[in-house]
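Student: Provided herewith: data-v4.txt, compact mmCIF, C-alpha atoms.
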# COMPACT_ATOMS: atom_id res chain seq x y z
CA MET A 1 1.31 -11.15 -1.81
CA PRO A 2 -0.48 -8.33 -3.69
CA GLU A 3 0.92 -7.45 -7.10
CA GLN A 4 3.40 -4.54 -6.89
CA ARG A 5 2.10 -1.47 -8.68
CA LYS A 6 4.23 -0.42 -11.67
CA LYS A 7 5.65 3.10 -11.82
CA PHE A 8 6.11 4.97 -15.07
CA SER A 9 8.22 8.05 -15.75
CA PRO A 10 6.58 11.20 -17.16
CA GLU A 11 8.61 10.73 -20.36
CA PHE A 12 7.29 7.19 -20.84
CA ARG A 13 3.74 8.39 -20.28
CA ASP A 14 4.12 11.23 -22.78
CA GLU A 15 5.54 8.95 -25.47
CA ALA A 16 2.75 6.41 -24.96
CA ILE A 17 0.14 9.13 -25.31
CA LYS A 18 1.79 10.37 -28.55
CA MET A 19 1.69 6.86 -30.01
CA VAL A 20 -2.09 6.72 -29.46
CA ILE A 21 -2.84 10.21 -30.79
CA GLU A 22 -0.45 10.29 -33.75
CA SER A 23 -0.89 6.72 -34.98
CA SER A 24 -4.70 6.52 -34.48
CA GLN A 25 -4.24 2.91 -33.45
CA PRO A 26 -6.47 1.27 -30.82
CA ILE A 27 -5.45 1.88 -27.24
CA ALA A 28 -5.61 -1.86 -26.52
CA LYS A 29 -3.09 -2.63 -29.27
CA ILE A 30 -0.56 -0.04 -28.10
CA ALA A 31 -1.04 -1.08 -24.47
CA ARG A 32 -0.13 -4.66 -25.38
CA GLU A 33 2.97 -3.47 -27.27
CA LEU A 34 4.13 -1.40 -24.29
CA ASN A 35 3.17 -4.11 -21.77
CA ILE A 36 0.90 -1.85 -19.75
CA LYS A 37 -2.77 -2.12 -18.80
CA GLU A 38 -5.30 -0.85 -21.31
CA GLY A 39 -7.17 1.06 -18.60
CA THR A 40 -3.99 2.83 -17.48
CA LEU A 41 -3.17 4.01 -20.99
CA GLY A 42 -6.78 5.01 -21.57
CA ASN A 43 -6.75 7.17 -18.43
CA TRP A 44 -3.55 8.88 -19.57
CA VAL A 45 -5.03 9.67 -22.99
CA ASN A 46 -8.31 10.98 -21.52
CA THR A 47 -6.44 13.23 -19.09
CA TYR A 48 -4.27 14.57 -21.91
CA ARG A 49 -7.28 15.34 -24.10
CA ARG A 50 -9.03 17.20 -21.29
CA GLU A 51 -5.93 19.28 -20.60
CA HIS A 52 -5.25 19.98 -24.29
CA ALA A 53 -8.80 20.20 -25.61
CA GLY A 54 -8.09 23.11 -27.97
CA GLU A 55 -4.70 21.93 -29.15
CA GLU A 56 -5.59 18.81 -31.14
CA PRO A 57 -5.10 19.25 -34.90
CA PRO A 58 -8.21 19.34 -37.12
CA LEU A 59 -9.20 16.21 -38.99
CA THR A 60 -7.79 15.70 -42.47
CA ILE A 61 -10.07 15.30 -45.49
CA SER A 62 -9.61 11.53 -45.45
CA GLU A 63 -10.31 11.38 -41.70
CA ARG A 64 -13.51 13.37 -42.12
CA ALA A 65 -14.62 11.05 -44.91
CA ARG A 66 -13.94 8.02 -42.74
CA LEU A 67 -15.82 9.62 -39.85
CA ARG A 68 -18.86 10.14 -42.10
CA GLU A 69 -18.67 6.50 -43.20
CA LEU A 70 -18.58 5.31 -39.60
CA GLU A 71 -21.51 7.56 -38.63
CA LYS A 72 -23.51 6.17 -41.55
CA GLU A 73 -22.71 2.60 -40.50
CA VAL A 74 -23.87 3.33 -36.94
CA ARG A 75 -27.15 4.83 -38.21
CA GLU A 76 -27.79 1.80 -40.41
CA LEU A 77 -27.01 -0.63 -37.60
CA ARG A 78 -29.41 1.16 -35.26
CA MET A 79 -32.08 1.21 -37.95
CA LYS A 80 -31.56 -2.50 -38.65
CA ALA A 81 -31.82 -3.39 -34.97
CA GLU A 82 -35.07 -1.43 -34.65
CA PHE A 83 -36.53 -3.03 -37.78
CA LEU A 84 -35.59 -6.58 -36.78
CA GLY A 85 -37.02 -5.91 -33.32
CA LYS A 86 -40.40 -5.28 -34.95
CA ALA A 87 -40.07 -8.39 -37.11
CA ALA A 88 -39.06 -10.60 -34.18
CA GLY A 89 -42.69 -11.32 -33.29
CA GLY A 90 -42.78 -14.25 -35.74
CA LEU A 91 -41.53 -13.10 -39.12
CA LEU A 92 -37.99 -14.33 -38.49
CA ARG A 93 -38.91 -17.91 -37.65
CA PRO A 94 -38.17 -20.67 -40.21
CA GLY A 95 -40.94 -21.48 -42.67
CA ILE A 96 -42.54 -18.02 -42.76
CA SER A 97 -43.98 -17.29 -46.19
CA VAL A 98 -42.40 -14.73 -48.49
CA THR A 99 -45.82 -13.09 -48.87
CA GLU A 100 -45.96 -12.31 -45.15
CA LYS A 101 -42.47 -10.80 -45.38
CA PHE A 102 -43.55 -8.65 -48.32
CA GLU A 103 -46.64 -7.55 -46.38
CA PHE A 104 -44.48 -6.54 -43.43
CA ILE A 105 -42.05 -4.63 -45.68
CA ASP A 106 -44.96 -2.87 -47.38
CA GLY A 107 -46.29 -1.77 -44.02
CA GLU A 108 -42.90 -0.34 -42.98
CA LYS A 109 -41.90 1.31 -46.26
CA GLY A 110 -42.58 4.74 -44.81
CA ASN A 111 -40.13 4.11 -41.97
CA TYR A 112 -37.14 2.37 -43.59
CA PRO A 113 -35.46 2.29 -47.04
CA LEU A 114 -36.84 -0.54 -49.17
CA VAL A 115 -33.38 -1.70 -50.28
CA CYS A 116 -32.28 -2.13 -46.68
CA MET A 117 -35.44 -4.05 -45.75
CA PHE A 118 -34.91 -6.43 -48.67
CA ASN A 119 -31.45 -7.26 -47.35
CA TRP A 120 -32.55 -7.55 -43.73
CA MET A 121 -35.45 -9.87 -44.56
CA GLY A 122 -33.53 -11.88 -47.16
CA VAL A 123 -35.93 -11.23 -50.06
CA SER A 124 -35.34 -9.96 -53.56
CA LYS A 125 -36.21 -6.52 -54.92
CA SER A 126 -37.74 -8.00 -58.08
CA GLY A 127 -39.87 -10.40 -56.03
CA TYR A 128 -41.25 -7.57 -53.92
CA TYR A 129 -42.19 -5.42 -56.92
CA GLU A 130 -43.71 -8.42 -58.67
CA TRP A 131 -45.82 -9.09 -55.58
CA HIS A 132 -46.70 -5.42 -55.20
CA GLY A 133 -47.62 -5.02 -58.86
CA ARG A 134 -50.00 -7.94 -59.08
CA PRO A 135 -53.46 -7.24 -60.51
CA ASP A 136 -56.06 -5.78 -58.23
CA SER A 137 -57.86 -9.09 -58.19
CA VAL A 138 -54.98 -10.62 -56.20
CA THR A 139 -53.31 -8.01 -54.00
CA ALA A 140 -55.14 -4.70 -54.01
CA ARG A 141 -58.55 -6.35 -53.89
CA ARG A 142 -57.49 -8.50 -50.94
CA ARG A 143 -56.22 -5.45 -49.05
CA ALA A 144 -59.45 -3.58 -49.80
CA GLY A 145 -61.49 -6.53 -48.57
CA LEU A 146 -59.44 -6.80 -45.40
CA LYS A 147 -59.89 -3.09 -44.75
CA GLU A 148 -63.65 -3.54 -44.81
CA LEU A 149 -63.44 -6.44 -42.37
CA ILE A 150 -61.05 -4.51 -40.10
CA GLN A 151 -63.41 -1.53 -39.99
CA GLN A 152 -66.30 -3.88 -39.24
CA VAL A 153 -64.49 -5.52 -36.30
CA PHE A 154 -63.26 -2.16 -35.00
CA ASP A 155 -66.82 -0.79 -34.97
CA GLU A 156 -68.36 -3.99 -33.64
CA PHE A 157 -66.11 -3.94 -30.59
CA ASP A 158 -66.76 -0.27 -29.97
CA GLU A 159 -63.27 0.94 -30.93
CA THR A 160 -61.63 -1.07 -28.11
CA TYR A 161 -59.57 -3.42 -30.31
CA GLY A 162 -56.03 -2.71 -31.48
CA TYR A 163 -54.44 -4.55 -34.39
CA ARG A 164 -53.52 -7.66 -32.36
CA ARG A 165 -57.09 -8.37 -31.26
CA ILE A 166 -58.44 -7.45 -34.69
CA HIS A 167 -56.01 -9.97 -36.20
CA ALA A 168 -57.06 -12.63 -33.69
CA GLU A 169 -60.76 -11.97 -34.32
CA LEU A 170 -60.31 -12.24 -38.10
CA ASN A 171 -58.49 -15.55 -37.66
CA ARG A 172 -61.37 -16.79 -35.51
CA ARG A 173 -63.68 -15.93 -38.40
CA GLY A 174 -61.57 -17.95 -40.81
CA VAL A 175 -59.88 -15.00 -42.52
CA PRO A 176 -56.20 -15.86 -43.21
CA CYS A 177 -53.91 -12.88 -42.66
CA GLY A 178 -50.68 -11.93 -40.95
CA PRO A 179 -50.52 -9.58 -37.94
CA GLU A 180 -48.14 -7.15 -39.66
CA LEU A 181 -50.45 -6.77 -42.64
CA ILE A 182 -53.33 -5.99 -40.26
CA ARG A 183 -51.17 -3.47 -38.41
CA ALA A 184 -50.31 -1.74 -41.70
CA LEU A 185 -53.94 -1.64 -42.83
CA VAL A 186 -55.13 -0.37 -39.43
CA ARG A 187 -52.58 2.42 -39.77
CA GLU A 188 -53.75 3.21 -43.31
CA LEU A 189 -57.34 3.41 -42.08
CA GLY A 190 -56.27 5.74 -39.28
CA LEU A 191 -57.92 3.58 -36.61
CA VAL A 192 -56.75 4.20 -33.05
CA ALA A 193 -58.17 2.11 -30.22
CA CYS A 194 -59.06 3.80 -26.95
CA GLN A 195 -55.92 4.39 -24.89
CA PRO A 196 -55.29 3.80 -21.16
CA ARG A 197 -54.53 6.64 -18.79
CA PRO A 198 -51.59 6.72 -16.32
CA TRP A 199 -51.82 4.36 -13.35
CA ARG A 200 -52.22 5.94 -9.94
CA LEU A 201 -51.64 4.46 -6.50
CA THR A 202 -54.98 4.11 -4.70
CA THR A 203 -54.28 1.39 -2.11
CA ILE A 204 -54.63 2.59 1.48
CA PRO A 205 -52.59 0.14 3.59
CA ASP A 206 -53.54 -0.97 7.07
CA ALA A 207 -50.58 -0.38 9.38
CA ASP A 208 -51.77 -3.08 11.80
CA VAL A 209 -52.23 -5.88 9.26
CA ALA A 210 -51.12 -9.32 10.37
CA THR A 211 -48.43 -11.03 8.34
CA THR A 212 -50.09 -12.65 5.32
CA PRO A 213 -47.94 -14.30 2.65
CA ASP A 214 -48.09 -13.73 -1.09
CA LEU A 215 -49.22 -17.16 -2.29
CA VAL A 216 -49.44 -16.08 -5.95
CA LYS A 217 -45.97 -14.59 -6.58
CA ARG A 218 -47.20 -12.95 -9.80
CA ASN A 219 -48.20 -16.33 -11.26
CA PHE A 220 -51.73 -15.61 -12.45
CA THR A 221 -52.41 -19.06 -13.87
CA ALA A 222 -54.28 -22.03 -12.37
CA ASN A 223 -55.01 -25.68 -13.13
CA GLU A 224 -58.76 -25.40 -12.65
CA PRO A 225 -61.49 -22.78 -12.19
CA GLY A 226 -61.81 -21.40 -8.68
CA ALA A 227 -58.38 -22.55 -7.50
CA LYS A 228 -56.87 -19.08 -7.64
CA LEU A 229 -58.86 -15.85 -7.52
CA VAL A 230 -57.72 -12.22 -7.56
CA GLY A 231 -59.61 -9.10 -6.62
CA ASP A 232 -59.43 -5.35 -6.23
CA ILE A 233 -61.52 -2.24 -5.69
CA THR A 234 -61.72 0.55 -8.24
CA TYR A 235 -63.75 3.72 -8.46
CA VAL A 236 -66.02 5.22 -11.11
CA LYS A 237 -66.97 8.88 -11.31
CA THR A 238 -70.63 9.84 -11.77
CA TRP A 239 -72.42 13.18 -11.63
CA ASN A 240 -73.78 12.13 -8.24
CA GLY A 241 -70.40 11.18 -6.77
CA TRP A 242 -68.14 8.12 -6.72
CA LEU A 243 -69.30 4.56 -7.28
CA TYR A 244 -66.97 1.82 -6.02
CA LEU A 245 -66.59 -1.55 -7.75
CA ALA A 246 -65.14 -4.68 -6.13
CA THR A 247 -64.27 -7.57 -8.44
CA VAL A 248 -63.23 -11.22 -8.15
CA ILE A 249 -61.48 -12.70 -11.20
CA ASP A 250 -60.73 -16.36 -11.82
CA CYS A 251 -57.11 -16.98 -12.88
CA TYR A 252 -57.96 -20.06 -14.95
CA THR A 253 -60.70 -18.62 -17.16
CA LYS A 254 -59.93 -14.88 -16.64
CA MET A 255 -63.68 -14.40 -16.06
CA VAL A 256 -65.03 -11.84 -13.62
CA VAL A 257 -66.87 -14.39 -11.47
CA GLY A 258 -67.93 -11.96 -8.77
CA TYR A 259 -68.52 -8.24 -8.46
CA ALA A 260 -70.36 -5.73 -6.31
CA MET A 261 -70.95 -1.98 -6.46
CA ALA A 262 -71.72 0.56 -3.76
CA THR A 263 -71.21 4.21 -2.83
CA HIS A 264 -68.77 3.19 -0.07
CA MET A 265 -65.56 1.15 0.22
CA GLU A 266 -66.43 -0.79 3.36
CA THR A 267 -65.58 -4.46 3.86
CA SER A 268 -69.16 -5.44 3.07
CA LEU A 269 -68.49 -4.43 -0.55
CA ILE A 270 -65.75 -7.02 -1.06
CA ARG A 271 -67.73 -9.59 0.93
CA ALA A 272 -70.59 -9.25 -1.55
CA ALA A 273 -68.22 -9.73 -4.50
CA ILE A 274 -66.64 -12.83 -2.93
CA ASP A 275 -70.06 -14.30 -2.10
CA MET A 276 -71.11 -13.85 -5.73
CA ALA A 277 -67.96 -15.66 -6.88
CA ALA A 278 -68.65 -18.54 -4.47
CA ARG A 279 -72.15 -18.88 -5.94
CA ASN A 280 -70.97 -18.76 -9.57
CA ILE A 281 -68.13 -21.31 -9.46
CA SER A 282 -67.13 -24.28 -7.37
CA LEU A 283 -64.25 -23.52 -5.04
CA PRO A 284 -61.83 -26.43 -4.65
CA LYS A 285 -60.04 -27.19 -1.41
CA ASP A 286 -57.32 -24.67 -0.53
CA ALA A 287 -58.61 -22.06 -2.97
CA ILE A 288 -56.67 -18.78 -2.88
CA PHE A 289 -57.98 -15.23 -2.99
CA HIS A 290 -55.25 -12.69 -3.75
CA SER A 291 -55.47 -8.91 -3.39
CA ASP A 292 -53.45 -5.85 -2.47
CA ARG A 293 -53.02 -4.66 1.13
CA GLY A 294 -55.89 -2.21 1.19
CA SER A 295 -57.51 -1.87 4.59
CA GLN A 296 -60.68 -3.67 3.43
CA TYR A 297 -58.66 -6.75 2.46
CA THR A 298 -56.79 -6.85 5.77
CA SER A 299 -59.70 -6.36 8.13
CA SER A 300 -60.62 -9.07 10.63
CA GLU A 301 -64.15 -9.19 9.19
CA TYR A 302 -62.79 -9.98 5.73
CA ARG A 303 -60.36 -12.62 6.98
CA LYS A 304 -63.09 -14.30 9.02
CA HIS A 305 -65.36 -14.41 5.98
CA LEU A 306 -62.67 -16.07 3.86
CA GLN A 307 -62.16 -18.60 6.65
CA GLU A 308 -65.88 -19.42 6.58
CA LEU A 309 -65.62 -20.05 2.82
CA ARG A 310 -62.43 -22.08 3.33
CA ILE A 311 -60.43 -19.70 1.15
CA ARG A 312 -56.80 -18.88 1.89
CA PRO A 313 -55.95 -15.15 1.84
CA SER A 314 -52.96 -13.89 -0.14
CA LEU A 315 -51.62 -10.32 -0.18
CA GLY A 316 -49.21 -8.51 -2.48
CA ARG A 317 -46.97 -5.66 -1.41
CA THR A 318 -48.30 -2.16 -0.91
CA GLY A 319 -48.00 0.08 -3.97
CA ILE A 320 -46.52 -2.67 -6.19
CA CYS A 321 -49.15 -2.96 -8.91
CA TYR A 322 -47.39 -5.94 -10.54
CA ASP A 323 -48.15 -8.10 -7.49
CA ASN A 324 -51.83 -7.83 -8.38
CA ALA A 325 -51.36 -7.23 -12.11
CA MET A 326 -54.30 -9.32 -13.27
CA ALA A 327 -56.85 -7.36 -11.23
CA GLU A 328 -55.15 -4.08 -12.18
CA SER A 329 -55.31 -5.12 -15.84
CA PHE A 330 -59.08 -5.61 -15.64
CA ASN A 331 -59.51 -2.22 -13.96
CA ALA A 332 -57.47 -0.59 -16.73
CA ALA A 333 -59.55 -2.30 -19.42
CA LEU A 334 -62.80 -1.25 -17.77
CA LYS A 335 -61.68 2.37 -17.42
CA THR A 336 -60.22 2.57 -20.95
CA GLU A 337 -62.98 0.76 -22.80
CA LEU A 338 -66.01 2.05 -20.88
CA VAL A 339 -65.60 4.53 -18.03
CA TYR A 340 -63.39 7.17 -19.67
CA ARG A 341 -65.62 7.20 -22.76
CA THR A 342 -68.95 7.47 -20.95
CA ALA A 343 -70.73 10.08 -18.83
CA PHE A 344 -72.79 8.61 -15.97
CA PRO A 345 -75.51 10.98 -14.70
CA THR A 346 -76.36 8.73 -11.73
CA HIS A 347 -74.99 5.79 -9.80
CA GLU A 348 -77.65 3.59 -11.36
CA HIS A 349 -76.53 4.49 -14.88
CA ALA A 350 -73.00 3.44 -13.96
CA ARG A 351 -74.17 0.21 -12.29
CA LYS A 352 -76.07 -0.92 -15.35
CA ALA A 353 -73.30 -0.01 -17.79
CA ILE A 354 -70.62 -1.80 -15.73
CA ALA A 355 -72.78 -4.91 -15.30
CA ARG A 356 -73.39 -5.03 -19.07
CA TYR A 357 -69.67 -4.58 -19.75
CA ILE A 358 -68.74 -7.47 -17.44
CA GLU A 359 -71.54 -9.88 -18.28
CA PHE A 360 -72.04 -9.31 -22.01
CA PHE A 361 -68.69 -7.99 -23.23
CA TYR A 362 -65.73 -8.89 -21.02
CA ASN A 363 -66.82 -12.41 -20.05
CA ARG A 364 -68.62 -13.45 -23.24
CA LYS A 365 -67.29 -11.49 -26.20
CA ARG A 366 -63.90 -9.86 -25.62
CA LEU A 367 -60.77 -11.76 -26.70
CA HIS A 368 -58.30 -12.13 -23.82
CA SER A 369 -54.57 -12.04 -24.61
CA GLY A 370 -53.81 -14.16 -21.54
CA LEU A 371 -55.92 -16.96 -23.04
CA GLY A 372 -54.26 -16.91 -26.44
CA TYR A 373 -56.93 -14.49 -27.70
CA ARG A 374 -59.88 -16.65 -26.69
CA ILE A 375 -63.04 -15.66 -24.83
CA PRO A 376 -63.24 -16.41 -21.07
CA ILE A 377 -66.61 -18.18 -21.27
CA GLU A 378 -65.22 -20.45 -24.01
CA VAL A 379 -62.36 -21.55 -21.76
CA HIS A 380 -64.79 -22.15 -18.90
CA ASP A 381 -67.14 -24.24 -21.06
CA GLU A 382 -64.25 -26.24 -22.52
CA TYR A 383 -63.14 -27.18 -19.00
CA LEU A 384 -66.65 -28.28 -18.02
CA ASN A 385 -66.98 -30.35 -21.21
CA ARG A 386 -63.70 -32.14 -20.49
CA GLN A 387 -64.80 -32.86 -16.94
CA PHE A 388 -68.15 -34.20 -18.19
CA ALA A 389 -66.47 -36.40 -20.81
CA ALA A 390 -64.08 -37.83 -18.25
Let's see the structure in the file written out as structure tokens.
Tutor:
Amino acid sequence: MPEQRKKFSPEFRDEAIKMVIESSQPIAKIARELNIKEGTLGNWVNTYRREHAGEEPPLTISERARLRELEKEVRELRMKAEFLGKAAGGLLRPGISVTEKFEFIDGEKGNYPLVCMFNWMGVSKSGYYEWHGRPDSVTARRRAGLKELIQQVFDEFDETYGYRRIHAELNRRGVPCGPELIRALVRELGLVACQPRPWRLTTIPDADVATTPDLVKRNFTANEPGAKLVGDITYVKTWNGWLYLATVIDCYTKMVVGYAMATHMETSLIRAAIDMAARNISLPKDAIFHSDRGSQYTSSEYRKHLQELRIRPSLGRTGICYDNAMAESFNAALKTELVYRTAFPTHEHARKAIARYIEFFYNRKRLHSGLGYRIPIEVHDEYLNRQFAA
């Protein structure tokens, strides 16, 4: 049988409300004492406060002081949570050096009180000032030297690298340093990498497309080159009109293994990109090519061509960029690092610049976060060397 609902007299309700307001005790505590539900008592109190909004007595001096203390505690807790969120990238793991903690604190000293950061990071005030006051030959000289190297990497990669890639590149060159120190020095130098623009939906779906499964399910990894490929079409503005770029990217090496450019978006454009990929890498049995549901990727001509190459088609959902995130990520990098920073007088100017970006920069020089900040061609060559050794 359902539990019978309790009934309370108006007098009981009024006395319960007075106990909450006059005693300033928690509602839960009083509800337990009166053997009623906490939610019931809370509703009574909220209703009373709405109906008597202007009748509540002002806070006493001691109550105001306590309120200020509580507000201060809340501010400090929020600040601590934000600070520790920044440090969670590796500085809180066991075995981290005190120097790296000091470097992180030094980089954040403009955002948080030093005393609080000492407590949060579990380091001493005297230790920090001893580290900070070391002779130029130890601390200041090292920071100055790192700044020179940071500027050099930033310029070498054409202002496309943020602090994470700069840190990874310096480590590749044998320069020991922590990521938070590099972030602080990048900020001091005022270096700002080129920034992406908002993503826009450009996929034009084919209403008559046959049912094709998503064989990737947002898993953009593979066990060998050629086993899983992704592709997309993007557009580049020139003074002579639009130039369209179709790409094929290998999920194992993250290399752009095929691409084609034209002044149209017909199926022949993506066919040319797929043919280039088939020439550049070996395609194992049951290889997958994944794309969005644009009309070019759902045409019968396209599907027949994949069948000839013994490639299985895979399609993400329309308008869901995450389903083809790897291809979208390349498009964003290309636009941010090249297209939005360059004026192309003709289609040919754009073709040459894009080909150079793919062949000389993206595939052979740029550190890829999805590869643990390695270069795609390095990963490809390592795989071939292992196969040869076996």
Student: Quick one: residues within 10 Å of Glu224 (chain A), all atoms listed in the file, excluding same-chain residues fewer than 4 positions away - as JSON, numbers by chain?
Tutor: {"A": [228, 250, 251, 252, 253, 282, 283, 284, 380, 383, 384]}
Student: Please determine, counting all atoms listed in the file, which residue among A:Met326, A:Met117, A:Leu77, A:Ala343 has the shortest atom-to-atom distance to Lys237 (chain A).
Tutor: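 Looking only at the distances to Lys237 (chain A), the closest residue turns out to be A:Ala343.
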Student: What is the distance between CA of Val339 (chain A) and CA of Tyr302 (chain A), in Å to one decimal?
Tutor: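 Computed distance, CA of Val339 (chain A) to CA of Tyr302 (chain A), equals 28.0 Å.
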Student: Expressed in Å to a single decimal, how great is the separation between CA of Arg183 (chain A) and CA of Phe361 (chain A)?
Tutor: 23.6 Å
Student: Grab the CA of Arg351 (chain A) to CA of Tyr244 (chain A) distance for me, in Å with one decimal place.
Tutor: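 So the answer is 9.7 Å.
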Student: So that I can check the surroundings of region 219-222 of chain A, please list as a list in words every protein, DNA and RNA residue that reaches within 12 Å of it, counting all atoms listed in the file and ignoring chain neighbours fewer than 5 positions away.
Tutor: Asp214, Ala227, Lys228, Leu229, Val230, Gly231, Ile249, Asp250, Cys251, Tyr252, Thr253, Lys254, Pro284, Ala287, Ile288, Phe289, His290, Ser291, Gly316, Tyr322, Asp323, Asn324, Ala325, Met326, Ala327, Ser329, Gly370 and Leu371 of chain A
Student: Please provide as a list in words all residues within 12 Å of Met79 (chain A), with the sequence filter that same-chain residues fewer than 2 positions apart are discarded (counting all atoms listed in the file).
Tutor: Lys72, Glu73, Val74, Arg75, Glu76, Leu77, Ala81, Glu82, Phe83, Leu84, Gly85, Lys86, Asn111, Tyr112, Pro113, Cys116, Met117 and Trp120 of chain A
Student: Please return, as a PyMOL selection string, all polymer residues that have at least one atom within 7 Å of the point (-65.3, -14.2, -24.4); use all atoms listed in the file and the file's own coordinate frame.
Tutor: chain A and resi 362-367+374-378
Student: Selection from above, C-alpha atoms, as a PDB file, in the coordinates of the input, can you write it?
Tutor:
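Output saved as part.pdb:
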ATOM      1  CA  TYR A 362     -65.730  -8.890 -21.020  1.00  0.00           C
ATOM      2  CA  ASN A 363     -66.820 -12.410 -20.050  1.00  0.00           C
ATOM      3  CA  ARG A 364     -68.620 -13.450 -23.240  1.00  0.00           C
ATOM      4  CA  LYS A 365     -67.290 -11.490 -26.200  1.00  0.00           C
ATOM      5  CA  ARG A 366     -63.900  -9.860 -25.620  1.00  0.00           C
ATOM      6  CA  LEU A 367     -60.770 -11.760 -26.700  1.00  0.00           C
ATOM      7  CA  ARG A 374     -59.880 -16.650 -26.690  1.00  0.00           C
ATOM      8  CA  ILE A 375     -63.040 -15.660 -24.830  1.00  0.00           C
ATOM      9  CA  PRO A 376     -63.240 -16.410 -21.070  1.00  0.00           C
ATOM     10  CA  ILE A 377     -66.610 -18.180 -21.270  1.00  0.00           C
ATOM     11  CA  GLU A 378     -65.220 -20.450 -24.010  1.00  0.00           C
TER      12      GLU A 378
END
Student: Give me, as a PyMOL selection string, all polymer residues having an atom no more than 7 Å from Asp286 (chain A), counting only C-alpha atoms and skipping those fewer than 4 positions away in the same chain.
Tutor: chain A and resi 310-312
Student: Would you kindly identify which residues have an atom no farther than 12 Å from (-57.0, -2.0, -18.4), using only C-alpha atoms and the file's own coordinates, and write them out as a PyMOL selection string?
Tutor: chain A and resi 160+194-199+234+325-340+362+368
Student: Show me, as a PyMOL selection string, the residues that have an atom within 10 Å of Thr263 (chain A) when counting all atoms listed in the file, minus same-chain residues fewer than 3 positions from it.
Tutor: chain A and resi 235-236+240-245+266+269+347
Student: Of the candidates A:Gln25, A:Asn280, A:Ser369, A:Ser126, which one gets nearest to Arg165 (chain A) if we count only C-alpha atoms?
Tutor: A:Ser369
